[in-house]
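Novice: Please find one structure pasted underneath; my questions will follow.
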Amino acid sequence: MESLARGGTRWKRFAVVMVPSVAATAAIGVALSQGALAASFSVSGQQFKVTADKLDGQGFVQYGAVDTNKSGQKPVAVVGMNSAKITNLCQSVVVPVPVFGDVSMKLTAGKAGGPRVEAKKLYIDADDLHTNATFNNIDIGVSADKTTKGPGPHQGDKYLKDSFAQQADSVAFTDVKQRAWATTAGTFKLSGLHMAVKKGKSECY
């Protein structure tokens, strides 16, 4: 993505181009539920970071898959949940803009003491996760195609049939730090949503 304004960058025009990229993440759930966006898509060439104080999920499943972008294939661990409630969600991505430098986009929602972020049929494609986790009635080593407690493999995911998976009735994550390639959801309700675009690096962690 390039900014070629002569004599300096025009911030209003720049923001109009960049902000929708962040808003698209929140809008994915709505587009999926309305059938406007295919469930399978090529991921961008950039990862984003996510933090949360707490995530409570119902109907949990996890399995290995491969995401694809123009630079090749990326191995990921896919976490799927029938529903999730999240406290103090933060999502950030740093976009390197030629000549101009790094631009950070950060989204926050679901602050403690207010309504939590709510998601249904949530899938997260991640390659790095740090958290404290408590699972309720977990099954480890179940076939990815035979899971019954979570939403099952995401439509269009590239994964090995009958490969290793785990599932649980519910899960509680605290102090979440995650690096991901993609997130999709049937619905994604972001209470107290705030987006900010800044020059330089300003990440969730």
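Each chain of the structure tokens is named A, B, ... in the order shown, its residues numbered from 1; ligands are numbered from 1 in display order.
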Applying 6 Å and only C-alpha atoms, which residues near A:Ala52 remain after dropping the ones on its own chain fewer than 5 positions away? List them as JSON, numbers by chain.
Specialist: {"A": [88, 89, 176]}
Novice: Measure the distance from atom CA of A:Asp157 to atom CA of A:Thr174 in Å and round it to one decimal.
Specialist: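 Distance between the two atoms: 27.1 Å.
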Novice: For A:Leu55, which residue out of A:Val171, A:Ala112, A:Ile124, A:Met105 is the nearest one, using only C-alpha atoms?
Specialist: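 The answer is A:Val171, which sits nearest to A:Leu55.
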Novice: Please provide the set of residues having any atom within 12 Å of A:Thr134, restricted to only C-alpha atoms, with same-chain residues fewer than 6 positions apart removed, written as a list of chain:residue names.
Specialist: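 Listed by chain and then number, they are A:Lys54, A:Leu55, A:Asp56, A:Gly57, A:Phe60, A:Ala168, A:Asp169, A:Ser170, A:Val171, A:Ala172, A:Phe173, A:Thr174.
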Novice: Hey, can you spit out that residue selection with all heavy atoms as a compact mmCIF listing (two decimals), in the first residue's frame?
Specialist:
# COMPACT_ATOMS: atom_id res chain seq x y z
N LYS A 54 -9.55 -11.46 29.37
CA LYS A 54 -10.25 -12.72 29.60
C LYS A 54 -11.09 -13.09 28.39
O LYS A 54 -11.68 -12.22 27.75
CB LYS A 54 -11.15 -12.62 30.84
CG LYS A 54 -11.77 -13.95 31.26
CD LYS A 54 -12.55 -13.82 32.56
CE LYS A 54 -13.12 -15.16 33.01
NZ LYS A 54 -13.89 -15.05 34.27
N LEU A 55 -11.13 -14.38 28.09
CA LEU A 55 -11.99 -14.91 27.04
C LEU A 55 -12.68 -16.16 27.58
O LEU A 55 -12.01 -17.10 28.02
CB LEU A 55 -11.20 -15.24 25.78
CG LEU A 55 -12.00 -15.75 24.56
CD1 LEU A 55 -11.26 -15.43 23.27
CD2 LEU A 55 -12.27 -17.26 24.63
N ASP A 56 -14.00 -16.16 27.57
CA ASP A 56 -14.79 -17.32 27.97
C ASP A 56 -15.47 -17.88 26.73
O ASP A 56 -16.28 -17.20 26.10
CB ASP A 56 -15.83 -16.94 29.02
CG ASP A 56 -15.19 -16.51 30.33
OD1 ASP A 56 -14.31 -17.23 30.82
OD2 ASP A 56 -15.56 -15.44 30.86
N GLY A 57 -15.13 -19.13 26.38
CA GLY A 57 -15.68 -19.73 25.17
C GLY A 57 -16.50 -20.97 25.46
O GLY A 57 -16.18 -21.75 26.36
N PHE A 60 -15.56 -25.61 22.25
CA PHE A 60 -14.19 -25.32 21.79
C PHE A 60 -13.64 -26.46 20.94
O PHE A 60 -13.83 -27.64 21.25
CB PHE A 60 -13.30 -25.10 23.01
CG PHE A 60 -11.82 -25.05 22.71
CD1 PHE A 60 -11.20 -23.85 22.41
CD2 PHE A 60 -11.05 -26.22 22.76
CE1 PHE A 60 -9.83 -23.81 22.16
CE2 PHE A 60 -9.69 -26.18 22.50
CZ PHE A 60 -9.08 -24.97 22.20
N ALA A 168 -13.40 -29.28 23.73
CA ALA A 168 -13.83 -29.15 25.12
C ALA A 168 -15.21 -28.52 25.15
O ALA A 168 -15.60 -27.79 24.23
CB ALA A 168 -12.84 -28.31 25.91
N ASP A 169 -15.94 -28.80 26.24
CA ASP A 169 -17.25 -28.18 26.40
C ASP A 169 -17.14 -26.67 26.51
O ASP A 169 -17.94 -25.93 25.96
CB ASP A 169 -17.95 -28.72 27.64
CG ASP A 169 -18.43 -30.16 27.47
OD1 ASP A 169 -18.51 -30.62 26.31
OD2 ASP A 169 -18.69 -30.82 28.49
N SER A 170 -16.11 -26.22 27.25
CA SER A 170 -15.90 -24.78 27.42
C SER A 170 -14.43 -24.52 27.75
O SER A 170 -13.69 -25.45 28.11
CB SER A 170 -16.79 -24.23 28.54
OG SER A 170 -16.46 -24.82 29.78
N VAL A 171 -14.02 -23.27 27.61
CA VAL A 171 -12.65 -22.88 27.90
C VAL A 171 -12.64 -21.48 28.48
O VAL A 171 -13.48 -20.64 28.12
CB VAL A 171 -11.78 -22.94 26.62
CG1 VAL A 171 -12.29 -21.95 25.57
CG2 VAL A 171 -10.32 -22.70 26.94
N ALA A 172 -11.68 -21.22 29.37
CA ALA A 172 -11.48 -19.88 29.92
C ALA A 172 -10.02 -19.51 29.74
O ALA A 172 -9.13 -20.21 30.24
CB ALA A 172 -11.87 -19.84 31.40
N PHE A 173 -9.76 -18.45 28.99
CA PHE A 173 -8.41 -17.92 28.79
C PHE A 173 -8.27 -16.62 29.56
O PHE A 173 -9.18 -15.79 29.56
CB PHE A 173 -8.15 -17.62 27.31
CG PHE A 173 -8.08 -18.82 26.41
CD1 PHE A 173 -8.37 -18.69 25.06
CD2 PHE A 173 -7.71 -20.06 26.89
CE1 PHE A 173 -8.30 -19.78 24.21
CE2 PHE A 173 -7.65 -21.16 26.07
CZ PHE A 173 -7.94 -21.03 24.72
N THR A 174 -7.13 -16.43 30.22
CA THR A 174 -6.82 -15.15 30.86
C THR A 174 -5.45 -14.67 30.41
O THR A 174 -4.58 -15.49 30.07
CB THR A 174 -6.86 -15.25 32.40
OG1 THR A 174 -5.91 -16.24 32.83
CG2 THR A 174 -8.25 -15.63 32.89
Novice: Point out the residue among A:Ser163, A:Val103, A:Gly64, A:Ala109 with the least atom-to-atom distance to A:Val50, counting only C-alpha atoms.
Specialist: A:Ala109
Novice: For A:Gly80, please output as a list in words all residues within 6 Å (counting only C-alpha atoms; exclusion window: fewer than 4 positions along the same chain).
Specialist: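 Residues near the query, excluding close chain neighbours: Phe60, Val61, Leu122 and Tyr123 of chain A.
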Novice: Can you work out which one of A:Asp175, A:Val94, A:Ser191, A:Cys204 has the shortest atom-to-atom distance to A:Ala133, counting only C-alpha atoms?
Specialist: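 When distances to A:Ala133 are compared using only C-alpha atoms, the smallest one comes from A:Asp175.
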Novice: Interatomic distance between atom CA of A:Lys177 and atom CA of A:Pro151?
Specialist: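 Taking atom CA of A:Lys177 and atom CA of A:Pro151, their separation equals 23.0 Å.
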Novice: Need to verify the contact set: A:Ile140, 9 Å, only C-alpha atoms, exclusion of same-chain residues closer than 5 positions in sequence. Can you return it as a PyMOL selection string?
Specialist: chain A and resi 164-168
